[in-house]
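*Asks:* So that you have it, the file is work.txt, and it contains compact mmCIF, C-alpha atoms:
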```txt
# COMPACT_ATOMS: atom_id res chain seq x y z
CA MET A 148 16.39 19.57 -59.90
CA SER A 149 15.05 17.06 -57.45
CA ASN A 150 13.86 13.73 -58.78
CA VAL A 151 11.57 13.27 -55.77
CA SER A 152 7.91 13.38 -56.76
CA ASN A 153 5.20 15.23 -54.84
CA ALA A 154 3.65 11.89 -53.93
CA GLU A 155 6.93 10.77 -52.38
CA LEU A 156 7.28 14.06 -50.48
CA LEU A 157 3.75 13.65 -49.13
CA GLN A 158 4.42 10.08 -48.07
CA LYS A 159 7.63 11.12 -46.29
CA ALA A 160 5.80 13.94 -44.45
CA ARG A 161 3.10 11.53 -43.34
CA GLU A 162 5.61 8.98 -42.10
CA GLU A 163 7.45 11.65 -40.08
CA ALA A 164 4.21 12.93 -38.57
CA ARG A 165 2.93 9.47 -37.62
CA ALA A 166 6.18 8.66 -35.85
CA SER A 167 5.95 11.75 -33.63
CA LYS A 168 4.86 11.74 -30.00
CA GLY A 169 1.96 14.11 -30.66
CA TYR A 170 0.51 11.93 -33.40
CA GLN A 171 0.86 8.76 -31.34
CA ARG A 172 -0.93 10.35 -28.42
CA ILE A 173 -3.83 11.78 -30.38
CA THR A 174 -4.48 8.53 -32.23
CA ALA A 175 -4.43 6.64 -28.92
CA LEU A 176 -7.33 8.82 -27.79
CA PHE A 177 -9.57 7.92 -30.74
CA ASP A 178 -11.15 4.68 -31.85
CA GLU A 179 -8.67 2.87 -34.06
CA GLY A 180 -8.50 4.18 -37.62
CA THR A 181 -10.91 7.09 -37.09
CA PHE A 182 -8.49 10.02 -36.70
CA ASN A 183 -8.56 12.67 -39.44
CA GLU A 184 -5.90 15.36 -39.29
CA VAL A 185 -6.56 19.06 -39.86
CA ASP A 186 -3.84 21.28 -41.37
CA GLY A 187 -1.32 18.47 -41.17
CA LEU A 188 1.09 20.27 -43.49
CA ALA A 189 0.89 23.70 -41.84
CA LYS A 190 4.35 25.21 -41.26
CA SER A 191 5.84 27.09 -38.31
CA GLY A 192 9.07 28.73 -39.36
CA ASP A 193 11.16 26.21 -41.27
CA GLY A 194 9.37 23.16 -39.89
CA TYR A 195 5.88 21.82 -39.35
CA ALA A 196 3.59 23.35 -36.73
CA GLU A 197 4.16 22.15 -33.16
CA VAL A 198 0.76 20.57 -32.72
CA VAL A 199 -1.26 17.72 -34.23
CA ALA A 200 -4.95 18.55 -34.58
CA GLY A 201 -8.04 16.92 -36.00
CA TYR A 202 -11.12 14.86 -35.26
CA GLY A 203 -12.21 11.27 -34.84
CA LEU A 204 -14.50 9.00 -32.87
CA VAL A 205 -14.46 7.98 -29.21
CA ASP A 206 -16.85 5.09 -28.63
CA ASP A 207 -18.39 6.01 -32.01
CA CYS A 208 -19.06 9.64 -30.94
CA PRO A 209 -17.36 12.59 -32.74
CA VAL A 210 -14.62 14.37 -30.78
CA TYR A 211 -12.12 17.08 -31.72
CA ALA A 212 -8.62 17.12 -30.29
CA PHE A 213 -5.21 18.70 -30.51
CA ALA A 214 -1.92 17.37 -29.15
CA GLN A 215 1.10 19.57 -28.61
CA ASN A 216 3.96 17.79 -30.34
CA SER A 217 7.05 17.96 -28.13
CA ASP A 218 9.07 16.33 -30.90
CA ILE A 219 8.93 19.63 -32.81
CA ALA A 220 10.58 22.57 -31.01
CA GLY A 221 9.47 21.08 -27.70
CA GLY A 222 5.84 21.76 -28.58
CA ALA A 223 6.46 25.50 -28.12
CA MET A 224 3.46 27.76 -28.70
CA SER A 225 3.55 29.70 -31.96
CA LYS A 226 1.25 31.62 -34.27
CA ALA A 227 0.91 28.53 -36.48
CA GLN A 228 0.08 26.27 -33.52
CA ALA A 229 -2.57 28.69 -32.29
CA SER A 230 -4.10 28.81 -35.75
CA LYS A 231 -4.49 25.03 -35.83
CA ILE A 232 -5.98 24.91 -32.36
CA LYS A 233 -8.39 27.74 -33.18
CA LYS A 234 -9.58 25.80 -36.22
CA VAL A 235 -10.39 22.83 -33.97
CA TYR A 236 -12.42 25.13 -31.70
CA ASP A 237 -14.26 26.60 -34.69
CA LEU A 238 -15.19 23.16 -36.01
CA ALA A 239 -16.34 22.05 -32.55
CA VAL A 240 -18.70 25.04 -32.35
CA LYS A 241 -20.12 24.33 -35.79
CA THR A 242 -20.71 20.64 -35.18
CA GLY A 243 -21.34 20.52 -31.41
CA ALA A 244 -18.65 18.01 -30.40
CA PRO A 245 -16.33 17.90 -27.36
CA VAL A 246 -12.74 19.14 -27.47
CA VAL A 247 -9.74 17.41 -25.87
CA GLY A 248 -6.48 19.33 -25.57
CA ILE A 249 -3.32 17.24 -25.00
CA TYR A 250 -0.59 19.37 -23.43
CA ASP A 251 3.18 18.85 -23.56
CA SER A 252 5.16 22.02 -24.24
CA ILE A 253 8.31 23.75 -23.08
CA GLY A 254 6.62 27.17 -23.41
CA GLY A 255 6.39 29.61 -26.31
CA ARG A 256 8.49 30.57 -29.34
CA LEU A 257 10.06 33.68 -27.87
CA ALA A 258 11.43 34.70 -31.25
CA GLU A 259 7.86 35.39 -32.42
CA GLY A 260 7.47 38.05 -29.73
CA ALA A 261 4.08 39.79 -29.95
CA ASP A 262 2.76 37.10 -32.31
CA MET A 263 3.33 34.51 -29.58
CA LEU A 264 1.46 36.61 -27.02
CA ALA A 265 -1.42 37.08 -29.45
CA ALA A 266 -1.44 33.32 -30.06
CA TYR A 267 -1.92 32.62 -26.35
CA GLY A 268 -4.63 35.26 -26.17
CA ASP A 269 -6.54 33.85 -29.14
CA ILE A 270 -6.63 30.36 -27.64
CA LEU A 271 -7.76 31.61 -24.21
CA LYS A 272 -10.49 33.70 -25.82
CA ASN A 273 -11.78 30.85 -27.95
CA SER A 274 -11.69 28.37 -25.09
CA ALA A 275 -13.70 30.75 -22.90
CA ALA A 276 -16.26 31.29 -25.67
CA LEU A 277 -16.67 27.53 -26.01
CA SER A 278 -17.18 27.00 -22.27
CA GLY A 279 -20.64 25.61 -21.55
CA VAL A 280 -21.27 24.92 -25.24
CA VAL A 281 -19.31 21.67 -25.62
CA PRO A 282 -17.35 19.75 -22.96
CA GLN A 283 -13.66 20.62 -22.87
CA ILE A 284 -11.11 18.24 -21.36
CA SER A 285 -7.42 18.99 -20.84
CA LEU A 286 -5.16 15.94 -20.90
CA VAL A 287 -1.77 16.97 -19.50
CA LEU A 288 0.98 14.49 -20.36
CA GLY A 289 4.10 16.63 -20.10
CA PRO A 290 5.13 20.14 -19.03
CA CYS A 291 2.28 22.67 -19.02
CA ILE A 292 3.64 25.82 -17.43
CA GLY A 293 2.83 29.53 -17.37
CA THR A 294 0.22 30.75 -19.84
CA SER A 295 -0.21 27.25 -21.25
CA ALA A 296 -1.36 26.16 -17.78
CA MET A 297 -4.01 28.90 -17.84
CA ILE A 298 -5.33 27.55 -21.14
CA ALA A 299 -5.39 23.98 -19.85
CA ALA A 300 -7.09 25.03 -16.60
CA ASN A 301 -9.78 26.83 -18.60
CA ALA A 302 -11.25 23.43 -19.55
CA ASP A 303 -14.13 21.77 -17.71
CA ILE A 304 -12.04 18.84 -16.50
CA ILE A 305 -8.29 18.28 -16.24
CA VAL A 306 -6.74 14.81 -16.48
CA MET A 307 -3.02 14.31 -15.80
CA SER A 308 -0.52 11.51 -15.87
CA GLU A 309 1.67 11.17 -12.78
CA GLN A 310 4.67 12.33 -14.82
CA ALA A 311 3.00 15.56 -16.04
CA GLU A 312 3.50 19.09 -14.73
CA LEU A 313 0.90 21.85 -14.39
CA THR A 314 1.62 25.25 -12.86
CA ILE A 315 1.38 28.95 -13.65
CA ALA A 316 4.80 29.50 -12.07
CA THR A 317 7.41 29.78 -14.80
CA SER A 318 9.91 28.34 -12.33
CA GLY A 319 7.94 25.08 -12.41
CA ALA A 320 7.18 25.18 -8.69
CA ASN A 321 4.25 23.16 -7.30
CA ALA A 322 3.69 21.52 -10.67
CA SER A 323 3.22 17.83 -9.86
CA ALA A 324 0.04 15.93 -10.58
CA SER A 325 -0.40 15.16 -6.89
CA GLU A 326 -0.22 18.87 -6.02
CA ALA A 327 -2.68 19.75 -8.77
CA ALA A 328 -5.06 17.07 -7.48
CA ALA A 329 -4.73 18.23 -3.87
CA SER A 330 -5.58 21.81 -4.87
CA GLY A 331 -8.67 20.70 -6.79
CA LEU A 332 -7.26 21.78 -10.14
CA CYS A 333 -6.82 18.27 -11.55
CA SER A 334 -9.88 15.98 -11.46
CA LEU A 335 -8.28 12.68 -12.48
CA VAL A 336 -4.73 11.31 -12.35
CA GLY A 337 -3.47 8.30 -14.30
CA LYS A 338 -0.38 6.42 -13.23
CA ASP A 339 0.94 6.70 -16.79
CA GLU A 340 -0.07 8.09 -20.18
CA ALA A 341 -2.11 5.05 -21.15
CA GLU A 342 -4.22 5.23 -17.99
CA ALA A 343 -4.70 9.00 -18.36
CA VAL A 344 -5.91 8.50 -21.93
CA ALA A 345 -8.25 5.70 -20.79
CA LYS A 346 -9.73 7.96 -18.10
CA THR A 347 -10.30 10.67 -20.71
CA ARG A 348 -12.14 8.23 -22.96
CA GLU A 349 -14.25 7.13 -19.97
CA LEU A 350 -15.14 10.77 -19.27
CA LEU A 351 -16.14 11.41 -22.87
CA ALA A 352 -18.45 8.38 -22.80
CA ALA A 353 -20.25 9.81 -19.76
CA LEU A 354 -20.74 13.32 -21.17
CA PRO A 355 -23.15 14.74 -23.75
CA SER A 356 -21.68 16.07 -26.97
CA ASN A 357 -22.91 19.61 -26.33
CA ASN A 358 -25.29 21.74 -24.27
CA LEU A 359 -28.29 20.92 -26.47
CA SER A 360 -28.00 17.15 -26.80
CA GLY A 361 -28.92 16.15 -23.23
CA ALA A 362 -27.27 13.62 -20.96
CA PRO A 363 -26.30 10.34 -22.68
CA ALA A 364 -27.98 7.07 -21.78
CA ALA A 365 -26.69 3.53 -22.09
CA GLU A 366 -28.36 1.37 -24.69
CA THR A 367 -29.09 -1.26 -22.05
CA ALA A 368 -30.39 -0.13 -18.69
CA VAL A 369 -29.22 -1.96 -15.57
CA ILE A 370 -32.27 -3.25 -13.74
CA GLY A 371 -32.46 -4.59 -10.20
CA ALA A 372 -28.92 -3.60 -9.24
CA SER A 373 -29.89 -1.84 -6.02
CA SER A 374 -28.94 -2.99 -2.55
CA ALA A 375 -29.51 -1.49 0.86
CA PRO A 376 -26.44 0.55 1.85
CA ALA A 377 -24.50 -0.80 4.79
CA SER A 378 -24.28 2.70 6.26
CA ALA A 379 -24.83 6.33 5.38
CA GLN A 380 -21.19 6.80 4.36
CA ALA A 381 -20.92 8.56 1.01
CA MET A 382 -19.43 5.74 -1.03
CA ASP A 383 -21.80 3.18 0.48
CA VAL A 384 -24.78 5.24 -0.64
CA ILE A 385 -23.32 5.88 -4.09
CA SER A 386 -22.52 2.20 -4.60
CA SER A 387 -26.06 1.25 -3.67
CA VAL A 388 -27.70 3.46 -6.31
CA ALA A 389 -25.25 3.66 -9.24
CA ASP A 390 -25.06 1.01 -11.93
CA PRO A 391 -22.17 -1.36 -11.07
CA GLY A 392 -18.79 0.04 -12.09
CA SER A 393 -20.24 3.23 -13.54
CA PHE A 394 -19.20 5.79 -10.90
CA LEU A 395 -16.26 8.00 -11.91
CA ALA A 396 -15.16 10.10 -8.93
CA LEU A 397 -13.81 13.57 -9.77
CA SER A 398 -11.23 15.36 -7.59
CA PRO A 399 -11.33 12.66 -4.89
CA SER A 400 -8.37 14.11 -2.94
CA PHE A 401 -9.79 17.65 -2.76
CA GLY A 402 -12.64 18.86 -0.55
CA GLN A 403 -13.29 15.37 0.75
CA ALA A 404 -16.42 16.35 2.71
CA ALA A 405 -18.11 16.40 -0.70
CA VAL A 406 -17.83 13.41 -3.03
CA THR A 407 -18.57 14.31 -6.65
CA GLY A 408 -18.62 12.23 -9.81
CA LEU A 409 -20.44 10.99 -12.86
CA ALA A 410 -22.39 7.74 -12.91
CA GLN A 411 -25.27 5.92 -14.52
CA ILE A 412 -28.50 4.99 -12.79
CA SER A 413 -30.41 2.43 -14.83
CA GLY A 414 -28.45 3.56 -17.86
CA ALA A 415 -29.08 7.29 -17.43
CA SER A 416 -26.05 9.57 -16.93
CA VAL A 417 -26.23 11.62 -13.73
CA GLY A 418 -24.00 13.77 -11.55
CA LEU A 419 -23.76 12.52 -7.97
CA VAL A 420 -22.82 14.65 -4.96
CA ALA A 421 -22.60 13.25 -1.42
CA TYR A 422 -22.08 15.60 1.54
CA THR A 423 -20.78 14.42 4.91
CA GLY A 424 -19.98 16.14 8.22
CA GLU A 425 -18.78 19.75 8.21
CA LEU A 426 -18.62 21.30 4.75
CA ASP A 427 -15.43 23.35 4.51
CA ALA A 428 -14.46 25.86 1.83
CA ASP A 429 -12.84 23.26 -0.44
CA ALA A 430 -15.85 20.94 -0.32
CA CYS A 431 -18.25 23.77 -1.13
CA SER A 432 -16.11 25.09 -3.97
CA LYS A 433 -15.69 21.61 -5.44
CA ALA A 434 -19.41 20.84 -5.29
CA ALA A 435 -20.43 24.26 -6.64
CA ARG A 436 -18.22 23.91 -9.71
CA PHE A 437 -19.48 20.37 -10.30
CA VAL A 438 -23.15 21.41 -10.05
CA ARG A 439 -22.57 24.28 -12.48
CA PHE A 440 -20.78 21.93 -14.88
CA CYS A 441 -23.65 19.43 -14.79
CA ASP A 442 -26.17 22.22 -15.26
CA ALA A 443 -24.32 23.58 -18.31
CA PHE A 444 -24.85 20.26 -20.07
CA SER A 445 -28.26 19.35 -18.59
CA ILE A 446 -26.92 16.42 -16.58
CA PRO A 447 -29.30 15.72 -13.66
CA VAL A 448 -27.80 16.21 -10.21
CA VAL A 449 -28.57 13.79 -7.38
CA SER A 450 -27.43 15.01 -3.95
CA PHE A 451 -27.06 12.88 -0.82
CA VAL A 452 -26.96 14.92 2.38
CA ASP A 453 -25.56 13.91 5.75
CA ALA A 454 -23.95 17.19 6.81
CA THR A 455 -24.36 19.49 9.77
CA GLU A 456 -22.81 22.86 8.96
CA PHE A 457 -20.70 25.10 6.75
CA THR A 458 -17.35 26.48 7.87
CA SER A 459 -17.02 29.23 5.22
CA LEU A 460 -19.76 31.79 4.53
CA ARG A 461 -18.38 32.82 1.14
CA GLU A 462 -18.11 29.27 -0.13
CA ALA A 463 -21.51 28.36 1.35
CA VAL A 464 -23.08 31.20 -0.63
CA LYS A 465 -21.25 30.02 -3.75
CA LEU A 466 -22.68 26.52 -3.33
CA SER A 467 -26.17 27.81 -2.58
CA SER A 468 -26.08 30.02 -5.69
CA ALA A 469 -24.94 27.12 -7.86
CA TYR A 470 -27.93 25.02 -6.78
CA ALA A 471 -30.49 27.84 -6.92
CA GLU A 472 -29.42 28.88 -10.41
CA ALA A 473 -29.19 25.38 -11.90
CA THR A 474 -32.15 24.44 -14.10
CA THR A 475 -31.18 20.83 -14.71
CA GLY A 476 -33.09 18.12 -12.84
CA LYS A 477 -32.20 18.15 -9.12
CA ILE A 478 -33.07 15.39 -6.65
CA THR A 479 -31.98 15.35 -3.01
CA VAL A 480 -31.91 12.42 -0.60
CA ILE A 481 -31.29 13.24 3.08
CA THR A 482 -29.51 10.14 4.33
CA GLY A 483 -28.51 11.38 7.79
CA GLU A 484 -28.40 14.87 9.23
CA ALA A 485 -29.45 18.07 7.45
CA TYR A 486 -29.46 21.18 9.60
CA GLY A 487 -30.32 24.82 8.96
CA PRO A 488 -28.16 26.44 6.25
CA VAL A 489 -27.02 23.08 4.87
CA TYR A 490 -30.59 21.89 4.37
CA ILE A 491 -31.62 25.22 2.85
CA ALA A 492 -28.63 25.45 0.49
CA VAL A 493 -28.57 21.95 -0.99
CA ALA A 494 -31.80 20.17 -0.09
CA GLY A 495 -34.79 22.47 0.22
CA ARG A 496 -36.50 25.39 -1.42
CA GLY A 497 -33.36 27.51 -1.41
CA ALA A 498 -31.72 24.91 -3.63
CA ASN A 499 -34.75 24.94 -5.94
CA THR A 500 -34.76 21.15 -5.68
CA ASP A 501 -37.34 19.36 -7.83
CA TYR A 502 -37.82 16.43 -5.47
CA ALA A 503 -36.47 15.95 -1.95
CA MET A 504 -36.65 12.70 0.00
CA ALA A 505 -35.32 11.60 3.38
CA TRP A 506 -34.56 8.24 4.90
CA ALA A 507 -36.90 7.35 7.75
CA ASP A 508 -34.19 7.71 10.41
CA ALA A 509 -32.83 11.02 9.08
CA VAL A 510 -32.71 14.20 11.16
CA VAL A 511 -34.03 17.42 9.59
CA SER A 512 -33.85 20.55 11.72
CA PRO A 513 -33.95 24.34 11.20
CA MET A 514 -30.83 24.55 13.39
CA ALA A 515 -28.45 22.15 15.10
CA PRO A 516 -30.50 19.94 17.46
CA ALA A 517 -28.32 20.88 20.42
CA ALA A 518 -29.18 24.56 19.93
CA ALA A 519 -32.80 23.97 18.93
CA ALA A 520 -33.57 21.72 21.90
CA LEU A 521 -32.16 24.21 24.38
CA PHE A 522 -33.87 27.12 22.69
CA LEU A 523 -37.27 25.44 22.75
CA HIS A 524 -37.09 23.45 25.99
CA SER A 525 -34.47 25.08 28.23
CA GLY A 526 -37.04 25.43 31.00
CA GLU A 527 -37.06 21.66 31.46
CA LEU A 528 -33.48 21.78 32.73
CA LYS A 529 -34.21 24.16 35.59
CA GLY A 530 -33.51 22.54 38.91
CA SER A 531 -32.04 19.44 37.26
CA ALA A 532 -29.94 17.28 39.55
CA ASN A 533 -27.90 16.01 36.59
CA PRO A 534 -27.94 18.80 33.97
CA VAL A 535 -25.34 17.18 31.66
CA ALA A 536 -27.26 13.90 31.32
CA ASP A 537 -30.61 15.68 31.15
CA ARG A 538 -29.35 18.04 28.47
CA LYS A 539 -28.19 15.08 26.38
CA ALA A 540 -31.55 13.36 26.85
CA LEU A 541 -33.35 16.57 25.83
CA ILE A 542 -31.37 16.79 22.61
CA GLU A 543 -32.03 13.14 21.75
CA ALA A 544 -35.73 13.61 22.46
CA TYR A 545 -35.79 16.61 20.13
CA LYS A 546 -34.17 14.57 17.38
CA LYS A 547 -36.59 11.70 17.87
CA ASP A 548 -39.81 13.65 18.27
CA GLU A 549 -39.43 16.99 16.50
CA ALA A 550 -36.54 16.85 14.00
CA THR A 551 -37.94 13.88 12.12
CA PRO A 552 -38.39 13.62 8.36
CA PHE A 553 -42.09 12.96 9.02
CA ALA A 554 -42.42 16.41 10.58
CA ALA A 555 -40.58 17.95 7.62
CA ALA A 556 -42.83 16.07 5.18
CA ALA A 557 -45.95 17.14 7.07
CA GLN A 558 -44.94 20.78 6.56
CA GLY A 559 -44.10 20.23 2.88
CA PHE A 560 -40.36 20.73 3.26
CA ILE A 561 -39.62 17.34 1.68
CA GLU A 562 -41.71 15.33 -0.76
CA ASP A 563 -41.38 11.88 0.76
CA VAL A 564 -39.88 9.65 3.44
CA ILE A 565 -38.34 6.40 2.20
CA LEU A 566 -36.39 3.39 3.38
CA PRO A 567 -32.70 3.13 2.38
CA GLU A 568 -33.33 0.06 0.21
CA GLU A 569 -35.93 2.01 -1.79
CA THR A 570 -33.51 4.77 -2.78
CA ARG A 571 -32.39 3.49 -6.19
CA ASP A 572 -35.91 2.65 -7.38
CA ARG A 573 -37.19 6.04 -6.31
CA LEU A 574 -34.30 7.78 -8.07
CA ILE A 575 -35.01 5.87 -11.28
CA ALA A 576 -38.64 6.97 -11.17
CA ASN A 577 -37.77 10.61 -10.41
CA LEU A 578 -35.07 10.80 -13.07
CA ALA A 579 -37.57 9.52 -15.64
CA MET A 580 -40.09 12.11 -14.49
CA LEU A 581 -37.56 14.94 -14.76
CA SER A 582 -36.11 13.88 -18.11
CA SER A 583 -38.31 16.38 -19.94
CA LYS A 584 -37.75 19.28 -17.50
CA ARG A 585 -37.68 22.68 -19.21
CA VAL A 586 -37.06 25.91 -17.32
CA SER A 587 -36.27 29.42 -18.55
CA ASN A 588 -34.60 31.91 -16.22
CA LEU A 589 -35.13 35.66 -16.21
CA PRO A 590 -33.17 37.36 -19.01
CA LYS A 591 -29.77 38.58 -17.80
CA LYS A 592 -26.12 38.38 -18.76
CA HIS A 593 -25.17 36.24 -15.75
CA SER A 594 -25.57 36.11 -11.99
CA ASN A 595 -23.00 37.70 -9.68
CA ILE A 596 -22.17 34.87 -7.29
CA GLN A 597 -19.39 34.75 -4.71
CA LEU A 598 -16.23 33.41 -6.33
```
If you convert what's in this file into structure tokens, what do you get?
*Replies:*
Amino acid sequence: MSNVSNAELLQKAREEARASKGYQRITALFDEGTFNEVDGLAKSGDGYAEVVAGYGLVDDCPVYAFAQNSDIAGGAMSKAQASKIKKVYDLAVKTGAPVVGIYDSIGGRLAEGADMLAAYGDILKNSAALSGVVPQISLVLGPCIGTSAMIAANADIIVMSEQAELTIATSGANASASEAAASGLCSLVGKDEAEAVAKTRELLAALPSNNLSGAPAAETAVIGASSAPASAQAMDVISSVADPGSFLALSPSFGQAAVTGLAQISGASVGLVAYTGELDADACSKAARFVRFCDAFSIPVVSFVDATEFTSLREAVKLSSAYAEATTGKITVITGEAYGPVYIAVAGRGANTDYAMAWADAVVSPMAPAAAALFLHSGELKGSANPVADRKALIEAYKKDEATPFAAAAQGFIEDVILPEETRDRLIANLAMLSSKRVSNLPKKHSNIQL
């Protein structure tokens, strides 16, 4: 008979668990001393389950998390691992708290056969059911390949370390963090695990706990932080309106004609989107997903528009549908050019915008000024001795006299014309006004947008 007491066995199990990579990672995510493990003694075969799961606090807010433990069977997926992860999902639904999944696994326990396949299916199903109810963040710190990659990609936001791998290809092809970021799959990349964890904590601080709690607000609002932007470039505008140091850009290397990210404006959490130039398929897809994400958790969306056209009809319709369907607060500021379909999709009535403003020197036109000027005033070029110069002058005159924000405001297409240095103050006032917005859509299962 063994002379080892149950208390000693428990202490040994705890010491082994706390020394593992999975335990170290999950405790690094939480505020010090707040992690509580769930099913810490659950077994998978002859050893402990290949995942550490539980709950704790991040900046004093409850969060659930699981961390695949590569120190046990390489973190391979099993029936026992799936059961622990499912329990985390169930608790998150009951209590309305975000879920962070930390991925590092060599694959699945092939010896479990059908049980392993069912385990993957259960996690995918539960993750999909949780989508839009509480924020889900995937933190990829090691290999995440095949079906595991599908589960990770099912989250709202993916954060990776530079050393991590994420791909559906079982060969491991195209798995690097840089490739995932370039394809728009990964939203944030940390140079190492510590930075990736820090970025995840920063994200959690900017997000509401669930779809009923509303966007978080800082305890102390930042007053008088505005400055006139040096130009209409996206980051200049964002820097001029966001509280200092609060903007967290998402997917910065994908769809660069659209800048998206979370920020605070006078302490209130908002989603910011800035459009520039021609909006290609990647930019539209990136912005549409971001708007839908913000809408799911009632985060107000502020859009800055200086864009002339779409290059993809399907993606333009996707973006337009995302705006039209969103019921969260939506404010648009036209900082430069807004023509035809772009204006309609993201700035005007088609976007169901609550409040649209334009800078005094903006250009708002039902079609590109070059086409509109010739369509309306082509007769003025007849018999011209210098048609190229006269055509250019005609277009500039159209911009100055007819495609002005004052003309758009006079027809009720925008609510106001403002100066650049007034932008932040006006946004603060409009965000306060929209903080109590309540809208109910027609009853339906879901819309059928272009995907």
*Asks:* Please list as a list in words every residue within 6 Å of range 352-367 of chain A, counting all atoms listed in the file and excluding residues in the same chain fewer than 6 positions away.
*Replies:* Gly243, Ala244, Pro245, Val280, Val281, Gly414, Ala415, Ser416, Phe444, Ser445 and Ile446 of chain A
*Asks:* Could you name the residues that touch range 258-264 of chain A at 8 Å or less, counting all atoms listed in the file, but leaving out those on the same chain fewer than 5 positions away, as a VMD selection string?
*Replies:* chain A and resid 224 to 226
*Asks:* With only C-alpha atoms as the counted atoms, please give the residues lying no more than 12 Å from range 315-326 of chain A, apart from itself and same-chain residues fewer than 3 positions off, as a PyMOL selection string.
*Replies:* chain A and resi 253-255+286-300+305-312+329-339+343+398-401
*Asks:* Could the residues in this selection be written to a file with C-alpha atoms, as an mmCIF file, keeping the file's coordinate frame?
*Replies:*
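The resulting part28.cif:
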```
data_model
loop_
_atom_site.group_PDB
_atom_site.id
_atom_site.type_symbol
_atom_site.label_atom_id
_atom_site.label_comp_id
_atom_site.auth_asym_id
_atom_site.auth_seq_id
_atom_site.Cartn_x
_atom_site.Cartn_y
_atom_site.Cartn_z
ATOM 1 C CA ILE A 253 8.310 23.750 -23.080
ATOM 2 C CA GLY A 254 6.620 27.170 -23.410
ATOM 3 C CA GLY A 255 6.390 29.610 -26.310
ATOM 4 C CA LEU A 286 -5.160 15.940 -20.900
ATOM 5 C CA VAL A 287 -1.770 16.970 -19.500
ATOM 6 C CA LEU A 288 0.980 14.490 -20.360
ATOM 7 C CA GLY A 289 4.100 16.630 -20.100
ATOM 8 C CA PRO A 290 5.130 20.140 -19.030
ATOM 9 C CA CYS A 291 2.280 22.670 -19.020
ATOM 10 C CA ILE A 292 3.640 25.820 -17.430
ATOM 11 C CA GLY A 293 2.830 29.530 -17.370
ATOM 12 C CA THR A 294 0.220 30.750 -19.840
ATOM 13 C CA SER A 295 -0.210 27.250 -21.250
ATOM 14 C CA ALA A 296 -1.360 26.160 -17.780
ATOM 15 C CA MET A 297 -4.010 28.900 -17.840
ATOM 16 C CA ILE A 298 -5.330 27.550 -21.140
ATOM 17 C CA ALA A 299 -5.390 23.980 -19.850
ATOM 18 C CA ALA A 300 -7.090 25.030 -16.600
ATOM 19 C CA ILE A 305 -8.290 18.280 -16.240
ATOM 20 C CA VAL A 306 -6.740 14.810 -16.480
ATOM 21 C CA MET A 307 -3.020 14.310 -15.800
ATOM 22 C CA SER A 308 -0.520 11.510 -15.870
ATOM 23 C CA GLU A 309 1.670 11.170 -12.780
ATOM 24 C CA GLN A 310 4.670 12.330 -14.820
ATOM 25 C CA ALA A 311 3.000 15.560 -16.040
ATOM 26 C CA GLU A 312 3.500 19.090 -14.730
ATOM 27 C CA ALA A 329 -4.730 18.230 -3.870
ATOM 28 C CA SER A 330 -5.580 21.810 -4.870
ATOM 29 C CA GLY A 331 -8.670 20.700 -6.790
ATOM 30 C CA LEU A 332 -7.260 21.780 -10.140
ATOM 31 C CA CYS A 333 -6.820 18.270 -11.550
ATOM 32 C CA SER A 334 -9.880 15.980 -11.460
ATOM 33 C CA LEU A 335 -8.280 12.680 -12.480
ATOM 34 C CA VAL A 336 -4.730 11.310 -12.350
ATOM 35 C CA GLY A 337 -3.470 8.300 -14.300
ATOM 36 C CA LYS A 338 -0.380 6.420 -13.230
ATOM 37 C CA ASP A 339 0.940 6.700 -16.790
ATOM 38 C CA ALA A 343 -4.700 9.000 -18.360
ATOM 39 C CA SER A 398 -11.230 15.360 -7.590
ATOM 40 C CA PRO A 399 -11.330 12.660 -4.890
ATOM 41 C CA SER A 400 -8.370 14.110 -2.940
ATOM 42 C CA PHE A 401 -9.790 17.650 -2.760
#
```
*Asks:* Could you check how far CA of Leu176 in chain A sits from CA of Tyr250 in chain A, in Å to one decimal?
*Replies:* 13.3 Å
*Asks:* Between A:Lys234, A:Arg256, A:Lys465, A:Lys190, which one has atoms that come closest to Tyr202 in chain A, using only C-alpha atoms?
*Replies:*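 Checking each candidate against Tyr202 in chain A, we get A:Lys234 as the closest.
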*Asks:* Pick the closest to Leu581 in chain A from A:Ala556, A:Val438, A:Val449, A:Met504: which is it, counting only C-alpha atoms?
*Replies:* A:Val449
*Asks:* Which of these, A:Asn216, A:Glu162, A:Val247, A:Asp303, has the shortest distance to Gly201 in chain A once you count all atoms listed in the file?
*Replies:*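 Result for the nearest residue to Gly201 in chain A: A:Val247.
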*Asks:* Which of these residues is nearest to Ile481 in chain A, using only C-alpha atoms: A:Leu426, A:Ala266, A:Val384, A:Ala435?
*Replies:* A:Val384
*Asks:* To one decimal place in Å, what is the distance between CA of Thr474 in chain A and CA of His593 in chain A?
*Replies:* 13.8 Å
*Asks:* Let me make sure I understand: among A:Phe457, A:Thr482, A:Gly268, A:Val205, which one has the smallest atom-to-atom distance to Ala345 in chain A if we use all atoms listed in the file?
*Replies:*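 Under the stated criterion, the closest residue is A:Val205.
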*Asks:* Pick out the closest residue to Gly487 in chain A from this set: A:Val417, A:Leu351, A:Val511, A:Ala212. Count all atoms listed in the file.
*Replies:*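 Under the stated criterion, the closest residue is A:Val511.
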*Asks:* When you draw a straight line from CA of Thr455 in chain A to CA of Arg496 in chain A, how long is it in Å?
*Replies:*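 Interatomic distance here is 17.5 Å.
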